[in-house]
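Structure file query.cif (mmCIF, C-alpha atoms and all ligand atoms) is printed below.
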data_upload
loop_
_atom_site.label_atom_id
_atom_site.label_comp_id
_atom_site.auth_asym_id
_atom_site.auth_seq_id
_atom_site.Cartn_x
_atom_site.Cartn_y
_atom_site.Cartn_z
CA MET N 1 64.91 -57.30 69.66
CA SER N 2 65.37 -55.60 66.28
CA ALA N 3 68.41 -56.47 64.19
CA ASP N 4 71.02 -53.73 63.78
CA PHE N 5 70.79 -54.26 60.03
CA ALA N 6 67.82 -53.97 57.67
CA ILE N 7 65.95 -57.14 56.65
CA GLY N 8 63.27 -57.43 54.00
CA ILE N 9 62.33 -58.21 50.42
CA HIS N 10 65.37 -58.28 48.17
CA ASP N 11 63.61 -59.53 45.03
CA LEU N 12 59.98 -60.13 44.07
CA SER N 13 58.62 -62.12 41.15
CA VAL N 14 55.04 -62.93 40.10
CA ALA N 15 53.79 -65.76 37.87
CA THR N 16 50.30 -66.70 36.83
CA THR N 17 48.48 -69.11 34.54
CA GLN N 18 48.14 -69.99 30.87
CA TYR N 19 44.45 -69.06 30.64
CA VAL N 20 42.21 -66.14 31.50
CA LEU N 21 38.41 -65.93 31.71
CA THR N 22 36.92 -62.46 31.45
CA HIS N 23 34.07 -61.33 33.64
CA GLU N 24 32.18 -60.37 30.46
CA THR N 25 32.16 -64.08 29.56
CA LEU N 26 31.10 -65.14 33.06
CA ALA N 27 28.40 -62.44 33.22
CA ALA N 28 27.00 -63.40 29.82
CA GLN N 29 26.81 -67.03 30.95
CA ASN N 30 25.06 -66.44 34.27
CA GLY N 31 22.94 -63.43 33.34
CA THR N 32 24.65 -61.03 35.75
CA ASP N 33 25.07 -57.34 34.92
CA VAL N 34 28.81 -57.17 34.24
CA ALA N 35 28.92 -53.84 36.11
CA LYS N 36 28.46 -55.85 39.31
CA TYR N 37 31.79 -57.50 38.61
CA HIS N 38 33.62 -54.49 37.17
CA ARG N 39 32.39 -51.84 39.59
CA GLY N 40 30.77 -53.82 42.42
CA ILE N 41 33.66 -56.16 43.25
CA GLY N 42 36.35 -54.52 41.11
CA GLN N 43 37.27 -57.55 38.99
CA ARG N 44 37.85 -57.65 35.20
CA SER N 45 39.09 -61.20 34.62
CA MET N 46 40.43 -64.27 36.40
CA SER N 47 43.52 -66.40 35.81
CA VAL N 48 42.59 -70.03 35.16
CA ALA N 49 45.17 -72.80 35.59
CA ALA N 50 45.48 -75.27 32.69
CA VAL N 51 45.28 -78.93 33.70
CA ASP N 52 49.10 -79.10 33.49
CA GLU N 53 49.50 -76.12 35.84
CA ASP N 54 49.10 -75.87 39.61
CA ILE N 55 50.63 -74.22 42.67
CA VAL N 56 53.97 -75.95 42.01
CA THR N 57 54.36 -74.95 38.36
CA MET N 58 53.41 -71.33 39.11
CA ALA N 59 55.74 -71.26 42.12
CA ALA N 60 58.67 -72.62 40.12
CA ALA N 61 57.97 -70.11 37.33
CA ALA N 62 57.99 -67.27 39.88
CA ALA N 63 61.10 -68.48 41.72
CA ALA N 64 63.29 -69.43 38.73
CA PRO N 65 64.17 -65.82 37.73
CA ILE N 66 65.14 -65.09 41.35
CA VAL N 67 67.52 -68.04 41.47
CA ALA N 68 68.87 -67.06 38.03
CA ARG N 69 69.62 -63.52 39.22
CA HIS N 70 71.05 -64.23 42.68
CA ALA N 71 72.23 -67.87 42.45
CA ALA N 72 71.23 -70.36 45.13
CA ASP N 73 74.30 -70.60 47.34
CA ARG N 74 72.88 -68.37 50.13
CA ILE N 75 69.36 -69.82 50.01
CA ARG N 76 69.23 -72.23 52.96
CA THR N 77 65.45 -72.27 53.43
CA ILE N 78 62.32 -72.37 51.26
CA VAL N 79 59.03 -71.54 52.96
CA PHE N 80 56.04 -72.35 50.75
CA ALA N 81 52.72 -70.79 51.75
CA THR N 82 49.50 -72.15 50.28
CA GLU N 83 45.95 -73.11 51.12
CA THR N 84 45.47 -75.18 47.95
CA SER N 85 48.08 -77.78 48.73
CA VAL N 86 48.60 -80.73 46.37
CA ASP N 87 49.59 -83.23 49.10
CA GLN N 88 48.69 -83.68 52.76
CA ALA N 89 52.22 -84.70 53.77
CA LYS N 90 54.91 -83.61 51.31
CA ALA N 91 55.71 -79.90 51.07
CA ALA N 92 55.02 -78.52 47.58
CA GLY N 93 58.28 -76.58 47.92
CA ILE N 94 60.24 -79.82 47.52
CA HIS N 95 58.95 -80.12 43.95
CA VAL N 96 60.06 -76.53 43.34
CA HIS N 97 63.44 -77.24 44.95
CA SER N 98 63.85 -80.17 42.56
CA LEU N 99 62.67 -78.34 39.42
CA LEU N 100 65.10 -75.50 40.15
CA GLY N 101 68.00 -77.81 40.97
CA LEU N 102 68.66 -76.25 44.38
CA PRO N 103 71.32 -77.67 46.73
CA SER N 104 70.40 -80.56 49.03
CA ALA N 105 71.57 -78.52 52.04
CA THR N 106 68.24 -76.69 52.10
CA ARG N 107 65.35 -76.68 54.61
CA VAL N 108 61.90 -76.81 52.91
CA VAL N 109 58.54 -76.49 54.62
CA GLU N 110 54.91 -75.66 53.78
CA LEU N 111 52.71 -73.31 55.84
CA LYS N 112 48.94 -73.02 56.01
CA GLN N 113 46.52 -70.50 57.48
CA ALA N 114 44.19 -69.53 54.64
CA CYS N 115 45.34 -66.39 52.83
CA TYR N 116 47.51 -65.25 55.76
CA SER N 117 50.34 -67.81 55.63
CA GLY N 118 52.45 -65.91 53.07
CA THR N 119 52.92 -63.27 55.76
CA ALA N 120 53.80 -65.89 58.38
CA ALA N 121 56.38 -67.18 55.87
CA LEU N 122 57.82 -63.69 55.43
CA GLN N 123 58.07 -63.13 59.19
CA PHE N 124 59.68 -66.53 59.80
CA ALA N 125 62.15 -65.76 57.02
CA ILE N 126 63.03 -62.46 58.70
CA GLY N 127 63.69 -64.37 61.92
CA LEU N 128 66.10 -66.73 60.13
CA VAL N 129 68.00 -63.87 58.50
CA HIS N 130 68.13 -62.09 61.86
CA ARG N 131 69.93 -65.15 63.26
CA ASP N 132 72.39 -65.35 60.36
CA ARG N 133 72.57 -62.38 58.01
CA SER N 134 74.57 -64.31 55.42
CA GLN N 135 71.53 -66.52 54.68
CA GLN N 136 68.71 -65.81 52.28
CA VAL N 137 65.23 -67.33 52.45
CA LEU N 138 63.06 -68.06 49.43
CA VAL N 139 59.46 -67.32 50.40
CA ILE N 140 56.83 -68.56 47.95
CA ALA N 141 53.09 -67.96 48.13
CA SER N 142 51.07 -69.83 45.52
CA ASP N 143 47.36 -70.61 45.20
CA VAL N 144 44.59 -71.53 42.80
CA SER N 145 41.29 -70.30 44.23
CA LYS N 146 38.23 -72.33 43.38
CA TYR N 147 34.57 -71.96 44.37
CA GLU N 148 31.53 -73.89 43.20
CA LEU N 149 30.17 -73.09 39.74
CA GLY N 150 27.33 -70.61 40.04
CA SER N 151 28.20 -69.62 43.62
CA PRO N 152 28.75 -65.96 44.64
CA GLY N 153 32.45 -66.70 45.17
CA GLU N 154 32.93 -67.91 41.58
CA ALA N 155 33.52 -64.40 40.25
CA THR N 156 36.38 -63.92 42.73
CA GLN N 157 38.43 -66.94 41.59
CA GLY N 158 42.00 -66.53 40.34
CA ALA N 159 45.50 -67.98 40.53
CA ALA N 160 49.05 -66.72 40.95
CA ALA N 161 52.35 -67.29 42.70
CA VAL N 162 54.72 -64.77 44.23
CA ALA N 163 58.32 -65.62 45.04
CA MET N 164 60.29 -63.32 47.34
CA LEU N 165 63.93 -63.46 48.31
CA VAL N 166 64.28 -62.32 51.92
CA SER N 167 67.70 -61.06 52.92
CA ALA N 168 69.76 -58.59 54.92
CA GLU N 169 70.10 -55.14 53.32
CA PRO N 170 67.25 -55.78 50.86
CA ALA N 171 67.04 -53.97 47.52
CA LEU N 172 63.26 -53.44 47.48
CA VAL N 173 61.45 -53.14 50.84
CA ARG N 174 62.76 -53.11 54.43
CA ILE N 175 60.26 -54.78 56.76
CA GLU N 176 59.85 -53.04 60.13
CA ASP N 177 58.86 -53.94 63.66
CA PRO N 178 56.33 -53.97 65.22
CA SER N 179 53.59 -56.14 63.79
CA GLY N 180 49.99 -55.96 64.95
CA MET N 181 48.36 -59.38 65.24
CA PHE N 182 44.78 -60.63 65.53
CA THR N 183 43.27 -64.12 65.76
CA ALA N 184 39.58 -65.06 66.11
CA ASP N 185 38.03 -68.53 65.81
CA ILE N 186 35.43 -68.00 63.08
CA MET N 187 34.05 -70.11 60.19
CA ASP N 188 33.87 -67.45 57.50
CA PHE N 189 35.72 -69.42 54.80
CA TRP N 190 37.14 -72.93 54.96
CA ARG N 191 37.77 -76.05 52.89
CA PRO N 192 37.41 -79.49 54.50
CA ASN N 193 39.99 -82.04 53.31
CA TYR N 194 37.38 -83.89 51.21
CA ARG N 195 36.44 -80.83 49.12
CA THR N 196 38.14 -79.24 46.11
CA THR N 197 36.11 -76.03 46.38
CA ALA N 198 36.03 -73.64 49.31
CA LEU N 199 32.99 -73.05 51.50
CA VAL N 200 32.31 -69.45 52.39
CA ASP N 201 29.82 -67.28 54.18
CA GLY N 202 30.48 -64.23 51.98
CA TYR N 203 29.04 -61.43 54.12
CA GLU N 204 30.35 -63.02 57.33
CA SER N 205 33.80 -63.16 55.72
CA ILE N 206 33.72 -59.46 54.86
CA SER N 207 32.72 -58.51 58.39
CA ALA N 208 35.34 -60.89 59.86
CA TYR N 209 37.97 -59.19 57.70
CA LEU N 210 36.85 -55.73 58.88
CA GLN N 211 36.87 -56.89 62.51
CA ALA N 212 40.44 -58.07 61.95
CA VAL N 213 41.38 -54.63 60.54
CA GLU N 214 40.40 -53.11 63.88
CA GLY N 215 42.17 -55.85 65.84
CA VAL N 216 45.51 -55.60 64.06
CA TRP N 217 45.51 -51.80 64.12
CA LYS N 218 44.89 -51.79 67.89
CA ASP N 219 47.76 -54.20 68.49
CA TYR N 220 50.03 -52.37 66.03
CA THR N 221 49.35 -49.01 67.68
CA GLU N 222 49.83 -50.41 71.19
CA GLY N 223 53.13 -51.87 70.01
CA GLY N 224 54.39 -48.40 69.06
CA GLY N 225 53.74 -48.55 65.31
CA ARG N 226 53.65 -45.66 62.87
CA ALA N 227 50.82 -43.13 62.77
CA LEU N 228 48.25 -43.46 59.97
CA ASP N 229 49.47 -40.33 58.18
CA GLU N 230 53.00 -41.68 57.80
CA PHE N 231 51.99 -44.24 55.18
CA GLY N 232 52.30 -43.52 51.46
CA ALA N 233 50.20 -46.53 50.42
CA PHE N 234 48.34 -49.49 51.90
CA CYS N 235 48.64 -53.01 50.57
CA TYR N 236 45.65 -55.09 51.68
CA HIS N 237 44.81 -58.72 51.10
CA GLN N 238 42.53 -58.57 48.04
CA PRO N 239 39.96 -61.39 47.72
CA PHE N 240 38.45 -58.94 45.21
CA THR N 241 39.91 -55.49 44.73
CA LYS N 242 36.95 -53.55 46.17
CA MET N 243 37.71 -55.29 49.48
CA ALA N 244 40.89 -53.21 49.78
CA TYR N 245 38.79 -50.03 49.50
CA LYS N 246 36.29 -51.34 52.07
CA ALA N 247 39.13 -52.20 54.44
CA HIS N 248 40.84 -48.84 54.08
CA ARG N 249 37.59 -46.89 54.60
CA HIS N 250 36.97 -49.02 57.67
CA LEU N 251 40.43 -48.28 59.06
CA LEU N 252 39.93 -44.54 58.52
CA HIS N 253 36.51 -44.64 60.23
CA HIS N 254 37.95 -46.66 63.07
CA CYS N 255 40.66 -44.04 63.55
CA GLY N 256 38.01 -41.28 63.62
CA ARG N 257 39.01 -39.85 60.24
CA ASP N 258 36.78 -38.40 57.54
CA VAL N 259 36.68 -40.69 54.55
CA ASP N 260 37.70 -38.82 51.43
CA GLU N 261 37.27 -41.13 48.43
CA ALA N 262 40.11 -39.49 46.51
CA ASP N 263 42.46 -40.19 49.47
CA VAL N 264 41.24 -43.78 49.69
CA ALA N 265 41.90 -44.28 45.98
CA ARG N 266 45.37 -42.73 46.26
CA ALA N 267 46.27 -45.08 49.11
CA VAL N 268 44.88 -48.27 47.57
CA GLU N 269 44.29 -48.08 43.80
CA PRO N 270 47.90 -48.65 42.64
CA THR N 271 47.95 -51.95 44.56
CA THR N 272 44.90 -53.31 42.70
CA THR N 273 45.87 -53.29 39.01
CA TYR N 274 47.24 -56.84 38.84
CA ASN N 275 44.68 -58.36 41.22
CA ALA N 276 41.80 -56.90 39.17
CA VAL N 277 42.82 -59.05 36.20
CA ILE N 278 44.28 -62.08 38.06
CA GLY N 279 41.57 -62.58 40.72
CA ASN N 280 42.05 -63.96 44.22
CA SER N 281 45.38 -65.71 44.58
CA TYR N 282 44.83 -66.23 48.33
CA THR N 283 48.30 -66.33 49.99
CA ALA N 284 49.89 -64.47 47.06
CA SER N 285 47.25 -61.75 46.75
CA MET N 286 48.72 -59.10 49.06
CA TYR N 287 52.17 -59.56 47.53
CA VAL N 288 50.73 -59.37 44.01
CA GLY N 289 49.36 -56.04 45.27
CA LEU N 290 52.87 -55.03 46.35
CA ALA N 291 54.26 -55.97 42.93
CA ALA N 292 51.62 -53.81 41.20
CA LEU N 293 52.37 -50.89 43.54
CA LEU N 294 56.13 -51.05 42.99
CA ASP N 295 55.74 -51.57 39.22
CA ASP N 296 53.08 -48.92 38.58
CA ALA N 297 53.32 -46.12 41.16
CA ASP N 298 55.46 -43.00 40.86
CA ASP N 299 58.73 -43.08 42.80
CA LEU N 300 58.10 -44.55 46.27
CA THR N 301 61.65 -44.17 47.60
CA ASP N 302 61.72 -43.99 51.42
CA GLN N 303 57.94 -44.13 51.65
CA ALA N 304 56.28 -46.34 54.26
CA ILE N 305 53.81 -48.93 53.01
CA GLY N 306 51.22 -50.47 55.33
CA PHE N 307 50.54 -54.18 54.81
CA LEU N 308 47.37 -55.83 56.02
CA SER N 309 47.34 -59.58 55.62
CA TYR N 310 44.07 -61.43 56.35
CA GLY N 311 43.42 -65.17 56.33
CA SER N 312 39.94 -66.47 57.05
CA GLY N 313 39.44 -68.56 60.07
CA SER N 314 40.93 -66.07 61.06
CA VAL N 315 44.44 -64.66 61.51
CA ALA N 316 45.55 -61.18 60.45
CA GLU N 317 48.69 -59.07 60.73
CA PHE N 318 49.52 -55.43 60.04
CA PHE N 319 53.11 -54.33 59.51
CA ALA N 320 55.04 -51.61 57.75
CA GLY N 321 57.75 -51.66 55.12
CA THR N 322 59.93 -48.87 53.74
CA VAL N 323 60.82 -48.70 50.07
CA VAL N 324 64.59 -48.77 49.51
CA PRO N 325 66.38 -46.08 47.39
CA GLY N 326 67.26 -47.49 43.98
CA TYR N 327 64.49 -50.14 44.13
CA ARG N 328 63.30 -49.40 40.61
CA SER N 329 66.35 -50.90 38.96
CA HIS N 330 65.57 -54.28 40.62
CA LEU N 331 61.92 -54.56 39.57
CA ARG N 332 60.53 -57.14 37.13
CA THR N 333 57.82 -54.93 35.67
CA ASP N 334 58.14 -56.13 32.06
CA MET N 335 58.10 -59.77 33.13
CA HIS N 336 54.96 -59.23 35.24
CA ARG N 337 53.12 -57.38 32.47
CA ASP N 338 54.11 -60.08 30.02
CA ALA N 339 52.91 -62.89 32.32
CA ILE N 340 49.53 -61.20 32.62
CA GLY N 341 49.32 -60.05 29.00
CA ARG N 342 50.25 -63.34 27.37
CA ARG N 343 47.46 -65.36 29.00
CA GLN N 344 45.16 -66.95 26.46
CA GLU N 345 41.49 -66.00 26.74
CA ILE N 346 39.16 -69.00 27.03
CA ASP N 347 35.42 -69.36 26.50
CA TYR N 348 32.98 -70.52 29.13
CA ALA N 349 32.94 -74.13 27.85
CA LYS N 350 36.74 -74.48 28.24
CA TYR N 351 36.62 -72.86 31.69
CA ARG N 352 33.88 -75.25 32.76
CA GLU N 353 35.77 -78.26 31.45
CA ILE N 354 38.83 -77.24 33.51
CA HIS N 355 36.71 -76.47 36.58
CA GLU N 356 35.06 -79.88 36.47
CA HIS N 357 38.23 -81.83 35.65
CA SER N 358 39.43 -84.37 38.20
CA PHE N 359 41.79 -87.32 38.12
CA PRO N 360 40.81 -90.89 39.01
CA VAL N 361 42.19 -91.85 42.43
CA ASP N 362 43.10 -95.48 41.63
CA GLY N 363 46.87 -94.97 41.33
CA GLY N 364 46.92 -95.55 37.55
CA ASP N 365 48.96 -93.65 34.96
CA TYR N 366 47.29 -90.43 33.90
CA PRO N 367 49.56 -88.36 31.66
CA VAL N 368 48.49 -84.78 30.97
CA PRO N 369 48.97 -83.21 27.52
CA THR N 370 50.94 -79.98 27.28
CA GLU N 371 48.85 -76.82 27.44
CA THR N 372 50.95 -74.36 29.40
CA ALA N 373 53.51 -72.13 27.70
CA GLY N 374 55.19 -71.65 31.09
CA PRO N 375 58.63 -73.01 31.95
CA TYR N 376 57.39 -75.92 34.13
CA ARG N 377 54.47 -78.28 33.86
CA PHE N 378 52.57 -80.95 35.72
CA ASP N 379 53.08 -84.02 33.57
CA GLY N 380 50.45 -86.21 35.21
CA LEU N 381 49.86 -88.81 37.90
CA SER N 382 51.48 -92.21 38.17
CA GLY N 383 51.22 -94.55 41.15
CA HIS N 384 49.54 -91.73 43.13
CA LYS N 385 52.66 -89.56 42.53
CA ARG N 386 52.56 -86.13 40.92
CA ILE N 387 55.17 -85.71 38.20
CA TYR N 388 56.61 -82.29 37.41
CA VAL N 389 58.91 -81.52 34.48
CA PRO N 390 60.49 -78.51 32.77
CA ARG N 391 58.51 -77.82 29.60
N1 LIG R 1 26.45 -52.45 39.25
C1 LIG R 1 27.37 -52.01 40.13
N2 LIG R 1 27.54 -52.58 41.36
C2 LIG R 1 26.76 -53.63 41.68
C3 LIG R 1 25.77 -54.13 40.80
C4 LIG R 1 25.63 -53.49 39.52
N3 LIG R 1 24.75 -53.91 38.62
N4 LIG R 1 25.16 -55.17 41.40
C5 LIG R 1 25.74 -55.32 42.62
N5 LIG R 1 26.69 -54.38 42.79
C6 LIG R 1 27.57 -54.20 43.94
C7 LIG R 1 26.86 -54.39 45.26
O1 LIG R 1 26.23 -53.19 45.68
C8 LIG R 1 28.03 -54.78 46.16
O2 LIG R 1 28.77 -53.64 46.50
P1 LIG R 1 29.00 -53.24 48.05
O3 LIG R 1 29.75 -54.41 48.66
O4 LIG R 1 29.85 -52.02 47.96
O5 LIG R 1 27.68 -53.05 48.64
C9 LIG R 1 28.92 -55.60 45.23
O6 LIG R 1 28.52 -55.26 43.90
C10 LIG R 1 28.75 -57.10 45.41
O7 LIG R 1 27.38 -57.38 45.29
P2 LIG R 1 26.70 -58.45 46.25
O8 LIG R 1 27.06 -58.19 47.66
O9 LIG R 1 25.26 -58.53 45.90
O10 LIG R 1 27.46 -59.74 45.69
P3 LIG R 1 27.38 -61.25 46.06
O11 LIG R 1 26.17 -61.61 46.83
O12 LIG R 1 27.60 -61.93 44.77
O13 LIG R 1 28.63 -61.49 47.06
C11 LIG R 1 30.85 -61.65 47.83
C12 LIG R 1 29.85 -60.82 47.02
C13 LIG R 1 30.28 -61.90 49.23
C14 LIG R 1 32.15 -60.90 47.93
C15 LIG R 1 31.05 -63.01 47.09
O14 LIG R 1 31.71 -62.76 45.89
C16 LIG R 1 31.83 -64.02 47.88
O15 LIG R 1 31.30 -64.79 48.66
N6 LIG R 1 33.20 -64.06 47.67
C17 LIG R 1 34.09 -65.02 48.30
C18 LIG R 1 34.41 -64.64 49.73
C19 LIG R 1 35.27 -63.41 49.83
O16 LIG R 1 35.96 -63.04 48.92
N7 LIG R 1 35.24 -62.78 51.02
C20 LIG R 1 36.08 -61.62 51.29
C21 LIG R 1 36.57 -61.59 52.71
S1 LIG R 1 37.30 -63.15 53.19
C22 LIG R 1 38.91 -63.10 52.65
O17 LIG R 1 39.41 -62.06 52.37
C23 LIG R 1 39.66 -64.38 52.52
C24 LIG R 1 39.63 -64.86 51.13
O18 LIG R 1 40.54 -64.54 50.35
C25 LIG R 1 38.49 -65.68 50.66
#
What does the file become when written as structure tokens?
Amino acid sequence: MSADFAIGIHDLSVATTQYVLTHETLAAQNGTDVAKYHRGIGQRSMSVAAVDEDIVTMAAAAAAPIVARHAADRIRTIVFATETSVDQAKAAGIHVHSLLGLPSATRVVELKQACYSGTAALQFAIGLVHRDRSQQVLVIASDVSKYELGSPGEATQGAAAVAMLVSAEPALVRIEDPSGMFTADIMDFWRPNYRTTALVDGYESISAYLQAVEGVWKDYTEGGGRALDEFGAFCYHQPFTKMAYKAHRHLLHHCGRDVDEADVARAVEPTTTYNAVIGNSYTASMYVGLAALLDDADDLTDQAIGFLSYGSGSVAEFFAGTVVPGYRSHLRTDMHRDAIGRRQEIDYAKYREIHEHSFPVDGGDYPVPTETAGPYRFDGLSGHKRIYVPR
């Protein structure tokens, strides 16, 4: 049953890392034509987390401005979505809760299903607000994507966090019913507990994603969703930005439409500007796409946006949102551009040193020197415990 009041995204904030590696640097190192990265996969650079940054520090950096603007007294729940968790038991959101000084009367939980779980978090948050419209839910999606050095996936790495405040009568985007869902048991991308880098069958993963596009659209349409022509833009999960174009062309084909490249670009391009320079931020990626769309596109008031969330393994969901009149005065465009623009470019040697870094697992004290200029940092390990501090 739909609520008789609107529910959706009231505030949206993006954070990323201290460092950035350009695809020119990666291409020069591995002898690849950089056009493959720029034009072939649509990536210009990737965010690289310093050793004193991780999913928690990025998440806290994204969430802090939301708490500063709205206060915390209505936030009763934090749902933290990630597939690059820092602990098998404790929810990373508890570290964020502590860093931000949130009230103890808060429910905190972590969700996992590859890149999809940010959308599960959003939908669960909507359910909680439906039950009690006075409550707000802090949804955080945060990931550091990591593939083996020299592997095809390496060029699609990245890192970012998105924090969203979900509430009644939202200021940015109202989320609508129905959702179209799709699940298929497939090993296209996965990361066993003993590995720090993901395993992926690249081409299988692209076809699994496209199969999911068909599956969610079928379920969405059967559930009485909007017609294709009603959407002003489409926000796809972006493992690399060209995937959004592939997905949209596939949807058009599937619906029996001619594929006009100018139309595809109009529907998708404004969602790709941040992801092209940040790289794959897994759970955060689709919402980084939403931030770019809201920040960069001409006035979107009352337009419907289609969201297609895909997580390997696989689970996918399609849903619609409508942009709220007056949304522009609530955006954090300058903050987002600054977070991306102030990253420090690193050379291949520094990138490789970070990629290969690991901590001993003997429970000793391993302090980490300050590198990040962000508001929170990972201070090191002691007694197997991760220590987080404001910078
Ligand atoms: N100039 C211009 N374009 C070039 C080029 C050049 N010199 N050389 C190659 N290209 C083009 C290719 O034609 C190709 O384009 P099309 O896909 O349009 O045909 C594109 O660049 C990529 O080239 P390849 O297919 O040869 O690249 P690859 O073998 O290195 O693999 C990849 C690409 C499979 C995406 C790989 O990067 C990968 O495994 N990535 C990780 C997995 C992934 O992102 N999967 C996406 C779906 S799964 C998902 O969405 C979940 C998730 O977040 C992981």
The residue from N:Ser207, N:Ser382, N:Thr241, N:Thr197 with the smallest atom-to-atom distance to Gly42 of chain N, counting only C-alpha atoms, is N:Thr241
Could you list, as a VMD selection string, all residues that come within 6 Å of ligand LIG 1 (chain R)? Count only C-alpha atoms and all ligand atoms.
chain N and resid 33 35 to 36 39 to 41 115 152 to 153 156 200 202 to 203 205 to 206 209 239 282 311 to 312
Residues within 12 Å of Met58 of chain N, please, as an MDAnalysis selection string. Count only C-alpha atoms; anything in the same chain fewer than 3 positions from it doesn't count.
chainID N and resid 13:18 47:50 52:55 61:64 80 82 92:93 95:96 99 140:144 159:163 281 284 339 372:378 388 390
With all atoms listed in the file as the basis for distance, which of N:Glu261, N:Asp11, N:Asp295, N:Asp334 is at the shortest distance from Val137 of chain N?
N:Asp11
Please measure the separation of atom CA of Val173 of chain N and atom CA of Asp219 of chain N, giving the value in Å to one decimal.
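Separating atom CA of Val173 of chain N from atom CA of Asp219 of chain N is a distance of 22.4 Å.
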Once you count only C-alpha atoms, which residues end up no further than 12 Å from (48.0, -52.4, 67.7) in the file's frame, shown as a count of residues only?
28
Pairwise distance, atom CA of Ala155 of chain N with atom CA of Ile305 of chain N, equals 28.5 Å
Please work out which residues fall within 8 Å of (57.0, -51.3, 40.4), coordinates as given in the file, with all atoms listed in the file counting, and return them as a list in words.
Ala291, Ala292, Leu293, Leu294, Asp295, Asp296, Ala297, Arg328, Leu331, Arg332 and Thr333 of chain N
One decimal, in Å: what's the spacing between atom CA of Gly326 of chain N and atom CA of His10 of chain N?
11.7 Å
Using only C-alpha atoms, which of N:Gln211, N:Asn193, N:Ser145, N:Thr301 sits nearest Gln157 of chain N?
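Counting only C-alpha atoms, the residue closest to Gln157 of chain N is N:Ser145.
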Near Gly364 of chain N, within 8 Å and counting all atoms listed in the file, which residues show up once chain neighbours fewer than 5 positions away are dropped, as a list in words?
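Using all atoms listed in the file, the neighbours found are Leu381, Ser382, Gly383 and His384 of chain N.
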Give me a file of those residues, with C-alpha atoms, as a CSV table (one decimal), keeping the file's coordinate frame.
chain,number,residue,atom,x,y,z
N,381,LEU,CA,49.9,-88.8,37.9
N,382,SER,CA,51.5,-92.2,38.2
N,383,GLY,CA,51.2,-94.6,41.2
N,384,HIS,CA,49.5,-91.7,43.1
Find the residues near Leu111 of chain N: any atom within 9 Å, counting only C-alpha atoms, skip ones fewer than 4 places away on the same chain, and give them as a list of chain:residue names.
N:Val79, N:Phe80, N:Ala81, N:Thr82, N:Glu83, N:Ala91, N:Ser117, N:Gly118, N:Ala120, N:Ala121
Which of these residues is nearest to Met164 of chain N, using all atoms listed in the file: N:Tyr287, N:Phe231, N:Tyr116, N:Phe124?
N:Tyr287
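Restricting the calculation to all atoms listed in the file, the smallest distance between Asp379 of chain N and any of N:Val51, N:Ala265, N:Ala68, N:Thr22 is found for N:Val51.
If you measure from each of N:Leu122, N:Ile78, N:Ile66, N:Val166 to His97 of chain N using only C-alpha atoms, the closest one turns out to be N:Ile78.
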I'd like the box whose edges run along x, y and z of the file and which contains every listed atom of segment 75-94 of chain N, padded by 3 Å per side; could you state its centre and edge lengths in Å, one decimal, as lines of an AutoDock Vina configuration file?
center_x = 57.4
center_y = -77.3
center_z = 50.1
size_x = 29.9
size_y = 20.9
size_z = 13.4
